[in-house]
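Content type PDB, C-alpha atoms and all ligand atoms, from the file protein-v1.pdb:
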```pdb
ATOM      1  CA  MET A   1     -41.893 -81.137   1.258  1.00  0.00           C
ATOM      2  CA  GLN A   2     -41.411 -78.517   3.925  1.00  0.00           C
ATOM      3  CA  GLN A   3     -42.800 -75.063   3.290  1.00  0.00           C
ATOM      4  CA  PHE A   4     -40.161 -72.375   3.876  1.00  0.00           C
ATOM      5  CA  GLU A   5     -41.818 -69.710   5.971  1.00  0.00           C
ATOM      6  CA  LEU A   6     -40.267 -66.287   6.449  1.00  0.00           C
ATOM      7  CA  SER A   7     -40.861 -64.497   9.706  1.00  0.00           C
ATOM      8  CA  ASN A   8     -42.197 -60.917   9.644  1.00  0.00           C
ATOM      9  CA  LEU A   9     -38.846 -59.621  10.804  1.00  0.00           C
ATOM     10  CA  GLU A  10     -36.985 -61.426   8.013  1.00  0.00           C
ATOM     11  CA  ARG A  11     -39.435 -60.101   5.464  1.00  0.00           C
ATOM     12  CA  LEU A  12     -38.939 -56.556   6.740  1.00  0.00           C
ATOM     13  CA  MET A  13     -35.129 -56.943   6.568  1.00  0.00           C
ATOM     14  CA  ILE A  14     -35.269 -58.121   2.956  1.00  0.00           C
ATOM     15  CA  LYS A  15     -37.587 -55.260   2.015  1.00  0.00           C
ATOM     16  CA  ARG A  16     -35.204 -52.752   3.606  1.00  0.00           C
ATOM     17  CA  LYS A  17     -32.221 -54.311   1.802  1.00  0.00           C
ATOM     18  CA  ILE A  18     -33.984 -54.015  -1.553  1.00  0.00           C
ATOM     19  CA  LYS A  19     -34.982 -50.423  -0.802  1.00  0.00           C
ATOM     20  CA  ARG A  20     -31.384 -49.502   0.164  1.00  0.00           C
ATOM     21  CA  LYS A  21     -30.063 -51.067  -3.050  1.00  0.00           C
ATOM     22  CA  LYS A  22     -32.587 -49.060  -5.078  1.00  0.00           C
ATOM     23  CA  VAL A  23     -31.579 -45.812  -3.355  1.00  0.00           C
ATOM     24  CA  ILE A  24     -27.843 -46.493  -3.924  1.00  0.00           C
ATOM     25  CA  ARG A  25     -28.517 -47.317  -7.578  1.00  0.00           C
ATOM     26  CA  ALA A  26     -30.489 -44.062  -8.001  1.00  0.00           C
ATOM     27  CA  ILE A  27     -27.680 -42.027  -6.401  1.00  0.00           C
ATOM     28  CA  ILE A  28     -25.077 -43.636  -8.702  1.00  0.00           C
ATOM     29  CA  ILE A  29     -27.229 -42.880 -11.758  1.00  0.00           C
ATOM     30  CA  ILE A  30     -27.698 -39.239 -10.677  1.00  0.00           C
ATOM     31  CA  ILE A  31     -23.925 -38.815 -10.115  1.00  0.00           C
ATOM     32  CA  LEU A  32     -23.178 -40.416 -13.505  1.00  0.00           C
ATOM     33  CA  ILE A  33     -25.655 -38.116 -15.277  1.00  0.00           C
ATOM     34  CA  ALA A  34     -24.139 -35.070 -13.528  1.00  0.00           C
ATOM     35  CA  VAL A  35     -20.550 -36.062 -14.433  1.00  0.00           C
ATOM     36  CA  LEU A  36     -21.517 -36.806 -18.039  1.00  0.00           C
ATOM     37  CA  SER A  37     -23.368 -33.475 -18.330  1.00  0.00           C
ATOM     38  CA  VAL A  38     -20.380 -31.491 -17.000  1.00  0.00           C
ATOM     39  CA  CYS A  39     -17.950 -33.377 -19.271  1.00  0.00           C
ATOM     40  CA  GLY A  40     -20.285 -32.920 -22.231  1.00  0.00           C
ATOM     41  CA  ALA A  41     -20.706 -29.181 -21.628  1.00  0.00           C
ATOM     42  CA  LEU A  42     -16.937 -28.723 -21.156  1.00  0.00           C
ATOM     43  CA  GLY A  43     -16.175 -30.821 -24.233  1.00  0.00           C
ATOM     44  CA  TYR A  44     -18.649 -28.850 -26.315  1.00  0.00           C
ATOM     45  CA  SER A  45     -17.215 -25.492 -25.194  1.00  0.00           C
ATOM     46  CA  ILE A  46     -13.651 -26.696 -25.954  1.00  0.00           C
ATOM     47  CA  TYR A  47     -14.875 -27.901 -29.392  1.00  0.00           C
ATOM     48  CA  LYS A  48     -16.556 -24.504 -29.967  1.00  0.00           C
ATOM     49  CA  ASN A  49     -13.341 -22.719 -28.936  1.00  0.00           C
ATOM     50  CA  GLY A  50     -11.179 -24.544 -31.483  1.00  0.00           C
ATOM     51  CA  GLY A  51      -9.860 -27.259 -29.177  1.00  0.00           C
ATOM     52  CA  LYS A  52      -8.806 -24.892 -26.394  1.00  0.00           C
ATOM     53  CA  LEU A  53     -10.344 -24.219 -22.990  1.00  0.00           C
ATOM     54  CA  PRO A  54     -12.690 -21.222 -23.285  1.00  0.00           C
ATOM     55  CA  PRO A  55     -11.349 -18.003 -21.666  1.00  0.00           C
ATOM     56  CA  LYS A  56     -12.674 -17.159 -18.214  1.00  0.00           C
ATOM     57  CA  GLN A  57     -14.953 -14.175 -17.841  1.00  0.00           C
ATOM     58  CA  LEU A  58     -12.802 -11.271 -16.586  1.00  0.00           C
ATOM     59  CA  ASN A  59     -13.738 -10.160 -13.061  1.00  0.00           C
ATOM     60  CA  ALA A  60     -14.438  -6.551 -13.968  1.00  0.00           C
ATOM     61  CA  LYS A  61     -17.900  -5.059 -13.487  1.00  0.00           C
ATOM     62  CA  SER A  62     -17.178  -2.383 -16.073  1.00  0.00           C
ATOM     63  CA  LEU A  63     -14.538  -1.849 -18.748  1.00  0.00           C
ATOM     64  CA  THR A  64     -15.344   1.862 -18.839  1.00  0.00           C
ATOM     65  CA  SER A  65     -13.387   4.060 -16.434  1.00  0.00           C
ATOM     66  CA  PRO A  66     -15.089   6.815 -14.415  1.00  0.00           C
ATOM     67  CA  ASP A  67     -15.596  10.289 -15.941  1.00  0.00           C
ATOM     68  CA  TYR A  68     -12.607  11.799 -14.101  1.00  0.00           C
ATOM     69  CA  VAL A  69     -10.259   9.560 -16.120  1.00  0.00           C
ATOM     70  CA  ASP A  70      -8.832  11.006 -19.346  1.00  0.00           C
ATOM     71  CA  VAL A  71      -8.705   8.040 -21.721  1.00  0.00           C
ATOM     72  CA  GLN A  72      -5.775   8.308 -24.165  1.00  0.00           C
ATOM     73  CA  LEU A  73      -5.104   4.726 -25.172  1.00  0.00           C
ATOM     74  CA  ILE A  74      -1.635   4.140 -26.594  1.00  0.00           C
ATOM     75  CA  ASN A  75      -1.143   2.379 -29.919  1.00  0.00           C
ATOM     76  CA  GLN A  76      -0.486  -1.326 -30.029  1.00  0.00           C
ATOM     77  CA  GLY A  77       3.200  -2.119 -30.205  1.00  0.00           C
ATOM     78  CA  PHE A  78       5.957  -3.442 -27.933  1.00  0.00           C
ATOM     79  CA  ALA A  79       4.363  -1.962 -24.816  1.00  0.00           C
ATOM     80  CA  ARG A  80       0.669  -2.538 -25.484  1.00  0.00           C
ATOM     81  CA  THR A  81       0.532  -6.007 -26.962  1.00  0.00           C
ATOM     82  CA  GLY A  82      -3.247  -6.379 -26.986  1.00  0.00           C
ATOM     83  CA  VAL A  83      -3.021  -9.593 -24.960  1.00  0.00           C
ATOM     84  CA  LYS A  84      -6.166 -10.006 -22.862  1.00  0.00           C
ATOM     85  CA  LEU A  85      -6.058 -10.175 -19.078  1.00  0.00           C
ATOM     86  CA  VAL A  86      -7.034 -13.552 -17.663  1.00  0.00           C
ATOM     87  CA  GLU A  87      -8.220 -12.233 -14.294  1.00  0.00           C
ATOM     88  CA  ILE A  88      -7.550  -9.277 -12.010  1.00  0.00           C
ATOM     89  CA  ASN A  89      -6.082 -10.366  -8.696  1.00  0.00           C
ATOM     90  CA  ASN A  90      -4.172  -7.280  -7.556  1.00  0.00           C
ATOM     91  CA  ILE A  91      -3.778  -3.560  -8.213  1.00  0.00           C
ATOM     92  CA  VAL A  92      -0.062  -2.657  -8.449  1.00  0.00           C
ATOM     93  CA  ILE A  93       1.207   0.820  -7.492  1.00  0.00           C
ATOM     94  CA  HIS A  94       4.380   2.234  -9.111  1.00  0.00           C
ATOM     95  CA  TYR A  95       6.157   5.583  -9.169  1.00  0.00           C
ATOM     96  CA  VAL A  96       7.460   6.907 -12.492  1.00  0.00           C
ATOM     97  CA  GLY A  97      11.003   7.433 -11.151  1.00  0.00           C
ATOM     98  CA  ASN A  98      11.380  10.570 -13.277  1.00  0.00           C
ATOM     99  CA  SER A  99      10.940  13.576 -10.983  1.00  0.00           C
ATOM    100  CA  GLY A 100       8.803  16.412 -12.303  1.00  0.00           C
ATOM    101  CA  SER A 101       7.570  14.523 -15.391  1.00  0.00           C
ATOM    102  CA  THR A 102       3.840  14.849 -16.065  1.00  0.00           C
ATOM    103  CA  ALA A 103       1.199  12.218 -16.694  1.00  0.00           C
ATOM    104  CA  GLN A 104       1.094  13.320 -20.335  1.00  0.00           C
ATOM    105  CA  ASN A 105       4.910  13.002 -20.646  1.00  0.00           C
ATOM    106  CA  ASN A 106       4.777   9.436 -19.333  1.00  0.00           C
ATOM    107  CA  ARG A 107       1.761   8.451 -21.444  1.00  0.00           C
ATOM    108  CA  ASP A 108       3.478   9.802 -24.565  1.00  0.00           C
ATOM    109  CA  TYR A 109       6.641   7.895 -23.660  1.00  0.00           C
ATOM    110  CA  PHE A 110       4.628   4.655 -23.406  1.00  0.00           C
ATOM    111  CA  ASN A 111       3.214   5.391 -26.852  1.00  0.00           C
ATOM    112  CA  LYS A 112       6.631   5.535 -28.564  1.00  0.00           C
ATOM    113  CA  LEU A 113       7.326   2.723 -31.005  1.00  0.00           C
ATOM    114  CA  ASP A 114      10.460   1.508 -29.242  1.00  0.00           C
ATOM    115  CA  THR A 115       9.099   1.637 -25.672  1.00  0.00           C
ATOM    116  CA  ASP A 116       8.406  -1.706 -24.083  1.00  0.00           C
ATOM    117  CA  VAL A 117       6.833  -0.553 -20.819  1.00  0.00           C
ATOM    118  CA  CYS A 118       3.384   0.863 -20.091  1.00  0.00           C
ATOM    119  CA  SER A 119       0.824   0.982 -17.309  1.00  0.00           C
ATOM    120  CA  HIS A 120      -2.962   1.045 -17.377  1.00  0.00           C
ATOM    121  CA  PHE A 121      -3.049   4.465 -15.671  1.00  0.00           C
ATOM    122  CA  VAL A 122      -0.713   7.370 -14.977  1.00  0.00           C
ATOM    123  CA  ILE A 123      -1.577   9.879 -12.249  1.00  0.00           C
ATOM    124  CA  GLY A 124      -0.050  13.328 -12.743  1.00  0.00           C
ATOM    125  CA  LEU A 125       1.377  16.019 -10.477  1.00  0.00           C
ATOM    126  CA  ASP A 126      -1.970  17.861 -10.302  1.00  0.00           C
ATOM    127  CA  GLY A 127      -3.989  14.719  -9.720  1.00  0.00           C
ATOM    128  CA  GLU A 128      -4.980  14.258 -13.355  1.00  0.00           C
ATOM    129  CA  ILE A 129      -5.459  10.653 -14.421  1.00  0.00           C
ATOM    130  CA  ILE A 130      -4.676   9.332 -17.893  1.00  0.00           C
ATOM    131  CA  GLN A 131      -5.637   5.814 -18.977  1.00  0.00           C
ATOM    132  CA  CYS A 132      -3.194   4.269 -21.477  1.00  0.00           C
ATOM    133  CA  VAL A 133      -4.322   0.623 -21.722  1.00  0.00           C
ATOM    134  CA  PRO A 134      -7.880  -0.860 -21.658  1.00  0.00           C
ATOM    135  CA  LEU A 135      -8.911  -2.562 -18.435  1.00  0.00           C
ATOM    136  CA  ASP A 136      -9.158  -5.970 -20.089  1.00  0.00           C
ATOM    137  CA  GLU A 137      -5.670  -5.844 -21.638  1.00  0.00           C
ATOM    138  CA  LYS A 138      -2.242  -6.634 -20.246  1.00  0.00           C
ATOM    139  CA  SER A 139       0.045  -3.723 -19.348  1.00  0.00           C
ATOM    140  CA  ALA A 140       3.853  -3.988 -19.175  1.00  0.00           C
ATOM    141  CA  ALA A 141       4.840  -2.696 -15.736  1.00  0.00           C
ATOM    142  CA  SER A 142       4.762  -5.456 -13.152  1.00  0.00           C
ATOM    143  CA  ASN A 143       7.075  -8.193 -14.463  1.00  0.00           C
ATOM    144  CA  ASN A 144       5.638 -11.694 -14.057  1.00  0.00           C
ATOM    145  CA  ARG A 145       2.360 -10.281 -12.712  1.00  0.00           C
ATOM    146  CA  ASN A 146       1.300  -8.352 -15.810  1.00  0.00           C
ATOM    147  CA  LEU A 147      -1.223 -11.031 -16.761  1.00  0.00           C
ATOM    148  CA  ASP A 148      -3.402 -10.726 -13.670  1.00  0.00           C
ATOM    149  CA  THR A 149      -2.961  -7.176 -12.390  1.00  0.00           C
ATOM    150  CA  ILE A 150      -3.936  -3.563 -13.113  1.00  0.00           C
ATOM    151  CA  SER A 151      -1.010  -1.125 -12.911  1.00  0.00           C
ATOM    152  CA  ILE A 152      -0.927   2.531 -11.852  1.00  0.00           C
ATOM    153  CA  GLU A 153       2.176   4.698 -12.403  1.00  0.00           C
ATOM    154  CA  VAL A 154       2.294   7.788 -10.214  1.00  0.00           C
ATOM    155  CA  CYS A 155       4.183  11.057 -10.880  1.00  0.00           C
ATOM    156  CA  HIS A 156       6.159  12.840  -8.156  1.00  0.00           C
ATOM    157  CA  PRO A 157       7.779  16.292  -7.945  1.00  0.00           C
ATOM    158  CA  ASP A 158      11.167  15.250  -6.495  1.00  0.00           C
ATOM    159  CA  ASP A 159      13.546  12.371  -5.828  1.00  0.00           C
ATOM    160  CA  SER A 160      11.973  11.447  -2.479  1.00  0.00           C
ATOM    161  CA  GLY A 161       9.196   9.939  -4.602  1.00  0.00           C
ATOM    162  CA  LYS A 162       6.561  11.482  -2.322  1.00  0.00           C
ATOM    163  CA  PHE A 163       3.297  12.271  -4.110  1.00  0.00           C
ATOM    164  CA  SER A 164       1.648  15.728  -4.004  1.00  0.00           C
ATOM    165  CA  GLU A 165      -1.612  15.959  -2.059  1.00  0.00           C
ATOM    166  CA  ALA A 166      -3.658  16.220  -5.294  1.00  0.00           C
ATOM    167  CA  THR A 167      -1.838  13.192  -6.766  1.00  0.00           C
ATOM    168  CA  TYR A 168      -2.353  11.217  -3.572  1.00  0.00           C
ATOM    169  CA  GLN A 169      -6.095  11.945  -3.431  1.00  0.00           C
ATOM    170  CA  SER A 170      -6.517  10.825  -7.062  1.00  0.00           C
ATOM    171  CA  LEU A 171      -4.536   7.675  -6.325  1.00  0.00           C
ATOM    172  CA  VAL A 172      -6.815   6.795  -3.391  1.00  0.00           C
ATOM    173  CA  LYS A 173      -9.942   7.496  -5.460  1.00  0.00           C
ATOM    174  CA  LEU A 174      -8.841   5.502  -8.525  1.00  0.00           C
ATOM    175  CA  THR A 175      -7.451   2.583  -6.499  1.00  0.00           C
ATOM    176  CA  ALA A 176     -10.701   2.251  -4.537  1.00  0.00           C
ATOM    177  CA  TRP A 177     -12.740   2.335  -7.761  1.00  0.00           C
ATOM    178  CA  LEU A 178     -10.529  -0.346  -9.316  1.00  0.00           C
ATOM    179  CA  CYS A 179     -10.869  -2.537  -6.207  1.00  0.00           C
ATOM    180  CA  ASP A 180     -14.645  -2.206  -6.261  1.00  0.00           C
ATOM    181  CA  ASN A 181     -14.780  -2.796 -10.012  1.00  0.00           C
ATOM    182  CA  SER A 182     -12.801  -6.054  -9.738  1.00  0.00           C
ATOM    183  CA  GLY A 183     -14.271  -7.304  -6.453  1.00  0.00           C
ATOM    184  CA  LEU A 184     -10.978  -6.747  -4.630  1.00  0.00           C
ATOM    185  CA  LYS A 185     -10.193  -5.445  -1.134  1.00  0.00           C
ATOM    186  CA  ALA A 186      -7.686  -2.816   0.016  1.00  0.00           C
ATOM    187  CA  ASN A 187      -5.367  -5.679   1.011  1.00  0.00           C
ATOM    188  CA  ASP A 188      -5.217  -6.728  -2.648  1.00  0.00           C
ATOM    189  CA  VAL A 189      -3.418  -3.478  -3.473  1.00  0.00           C
ATOM    190  CA  ILE A 190       0.320  -4.121  -3.682  1.00  0.00           C
ATOM    191  CA  ARG A 191       3.547  -2.287  -4.524  1.00  0.00           C
ATOM    192  CA  HIS A 192       5.842  -3.182  -7.400  1.00  0.00           C
ATOM    193  CA  TYR A 193       8.276  -3.809  -4.523  1.00  0.00           C
ATOM    194  CA  ASP A 194       6.069  -6.668  -3.267  1.00  0.00           C
ATOM    195  CA  ILE A 195       6.558  -8.482  -6.587  1.00  0.00           C
ATOM    196  CA  THR A 196      10.257  -8.021  -7.360  1.00  0.00           C
ATOM    197  CA  GLY A 197      11.798  -6.202  -4.370  1.00  0.00           C
ATOM    198  CA  LYS A 198      12.415  -3.163  -6.619  1.00  0.00           C
ATOM    199  CA  GLU A 199      12.369   0.181  -4.765  1.00  0.00           C
ATOM    200  CA  CYS A 200       9.059   1.157  -6.360  1.00  0.00           C
ATOM    201  CA  PRO A 201       7.071   3.184  -5.462  1.00  0.00           C
ATOM    202  CA  LYS A 202      10.094   4.641  -3.623  1.00  0.00           C
ATOM    203  CA  TYR A 203       8.286   6.692  -0.975  1.00  0.00           C
ATOM    204  CA  PHE A 204       5.984   3.792  -0.039  1.00  0.00           C
ATOM    205  CA  VAL A 205       8.952   1.417   0.204  1.00  0.00           C
ATOM    206  CA  ASP A 206      11.065   3.816   2.284  1.00  0.00           C
ATOM    207  CA  ASN A 207       8.093   4.681   4.521  1.00  0.00           C
ATOM    208  CA  GLU A 208       6.163   1.566   5.463  1.00  0.00           C
ATOM    209  CA  SER A 209       3.781   3.608   7.666  1.00  0.00           C
ATOM    210  CA  ALA A 210       2.885   5.862   4.702  1.00  0.00           C
ATOM    211  CA  TRP A 211       2.043   2.709   2.718  1.00  0.00           C
ATOM    212  CA  GLU A 212      -0.099   1.365   5.570  1.00  0.00           C
ATOM    213  CA  SER A 213      -2.016   4.640   5.879  1.00  0.00           C
ATOM    214  CA  PHE A 214      -2.536   4.691   2.105  1.00  0.00           C
ATOM    215  CA  LEU A 215      -4.163   1.236   2.347  1.00  0.00           C
ATOM    216  CA  THR A 216      -6.309   2.512   5.238  1.00  0.00           C
ATOM    217  CA  ASP A 217      -7.404   5.483   3.102  1.00  0.00           C
ATOM    218  CA  VAL A 218      -8.319   3.119   0.245  1.00  0.00           C
ATOM    219  CA  LYS A 219     -10.313   0.976   2.693  1.00  0.00           C
ATOM    220  CA  THR A 220     -12.171   4.076   3.960  1.00  0.00           C
ATOM    221  CA  GLU A 221     -12.912   5.198   0.393  1.00  0.00           C
ATOM    222  CA  LEU A 222     -14.136   1.681  -0.466  1.00  0.00           C
ATOM    223  CA  LYS A 223     -16.753   1.938   2.308  1.00  0.00           C
ATOM    224  CA  THR A 224     -18.467   4.712   0.324  1.00  0.00           C
ATOM    225  CA  TYR A 225     -19.246   2.239  -2.501  1.00  0.00           C
TER
HETATM  226 ZN    ZN A 301       7.385   0.013 -10.619  1.00  0.00          ZN
END
```
Now that the file is in, can you turn its structure into structure tokens?
Ligand SMILES: [Zn+2]
Amino acid sequence: MQQFELSNLERLMIKRKIKRKKVIRAIIIIILIAVLSVCGALGYSIYKNGGKLPPKQLNAKSLTSPDYVDVQLINQGFARTGVKLVEINNIVIHYVGNSGSTAQNNRDYFNKLDTDVCSHFVIGLDGEIIQCVPLDEKSAASNNRNLDTISIEVCHPDDSGKFSEATYQSLVKLTAWLCDNSGLKANDVIRHYDITGKECPKYFVDNESAWESFLTDVKTELKTY
């Protein structure tokens, strides 16, 4: 009978083949464990949440507005539904469209039983800021974007829709704070017009350069954070 002798090279090749197989097997096992762990964790959280996907953590550092904001939350009703925001992707600027009305007038209007519109904030003619809806709840101002935006209504003295200097400064300050609080940039600030084409906020739609310089002012303010 002839003895089958392997050469050194052949032996080395076989060893390498076995080693490669072992490595591949280990990688497959690691991937399987990882996939099973993720599926298990997801399945458990769905089970814990009554069969539904758990809600995402809202991207807001704080749900408490700065001291300069006068918090006067409106009652729950048609306008404030209490539905939670899923995420904050944009800050939407509006104008109230009712010349000479104050922040308090608009907040009280939102609070009426039969009103079906409201914004998170209203900025008044003297720069005062009233908060009407909590930061983690849906407002009713920006059509199909209510679920992932924060809305600011801004008062104006006349039909041009131009804001007073005090109003404008408050708008820049609040918008920058909201951007910082939600991890957004100045470019994430949009007009109601950018969502629906509605002439709102009128002055910033009629004067594109005024809108651009507003965004620049927000960007500058954001640098102080
Ligand atoms: Zn609007």
Report task. Name all residues at most 8 Å from A:Glu137 (count all atoms listed in the file; drop same-chain ones fewer than 3 positions away) and give them as a VMD selection string. Result -> chain A and resid 82 to 85 133 to 134
Query raised in the report: So how far away is atom CA of A:Thr224 from atom CA of A:His94, in Å?
Result: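 Result for atom CA of A:His94 versus atom CA of A:Thr224: 24.8 Å, one decimal.
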Report task. Return as a list in words every polymer residue, whether protein, DNA or RNA, with at least one atom no more than 10 Å from an atom of ligand ZN 301 (chain A); count only C-alpha atoms and all ligand atoms. Result -> Val92, Ile93, His94, Tyr95, Val96, Gly97, Ser119, Ala141, Ser142, Asn143, Ser151, Ile152, Glu153, Val154, Arg191, His192, Tyr193, Ile195, Thr196, Gly197, Lys198, Glu199, Cys200, Pro201 and Lys202 of chain A
Query raised in the report: Which is closer to A:Phe78 than all the others in A:Gln131, A:Ser139, A:Thr149, A:Asn207, using all atoms listed in the file?
Result: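 Among A:Gln131, A:Ser139, A:Thr149, A:Asn207, it is A:Ser139 that comes nearest to A:Phe78.
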Report summary line: atom CA of A:Asn111 to atom CA of A:Leu63 measures 20.8 Å
Query raised in the report: What does the PyMOL selection byres (((chain A and resi 147) around 6) and not hetatm) select in this file, as number ranges by chain?
Result: A: 85, 138, 145-146, 148
Output of the above residues as a PDB file, in the frame of the given file, restricted to C-alpha atoms:
```
ATOM      1  CA  LEU A  85      -6.058 -10.175 -19.078  1.00  0.00           C
ATOM      2  CA  LYS A 138      -2.242  -6.634 -20.246  1.00  0.00           C
ATOM      3  CA  ARG A 145       2.360 -10.281 -12.712  1.00  0.00           C
ATOM      4  CA  ASN A 146       1.300  -8.352 -15.810  1.00  0.00           C
ATOM      5  CA  ASP A 148      -3.402 -10.726 -13.670  1.00  0.00           C
TER       6      ASP A 148
END
```
Report task. Would you work out the distance separating atom CA of A:Asn181 from atom CA of A:Ala60, expressed in Å to one decimal? Result ->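 Atom CA of A:Asn181 sits 5.5 Å away from atom CA of A:Ala60.
When all atoms listed in the file are used to measure the gap to A:Ser160, the shortest distance among A:Asp114, A:Glu212, A:Asp70, A:Asp206 belongs to A:Asp206.
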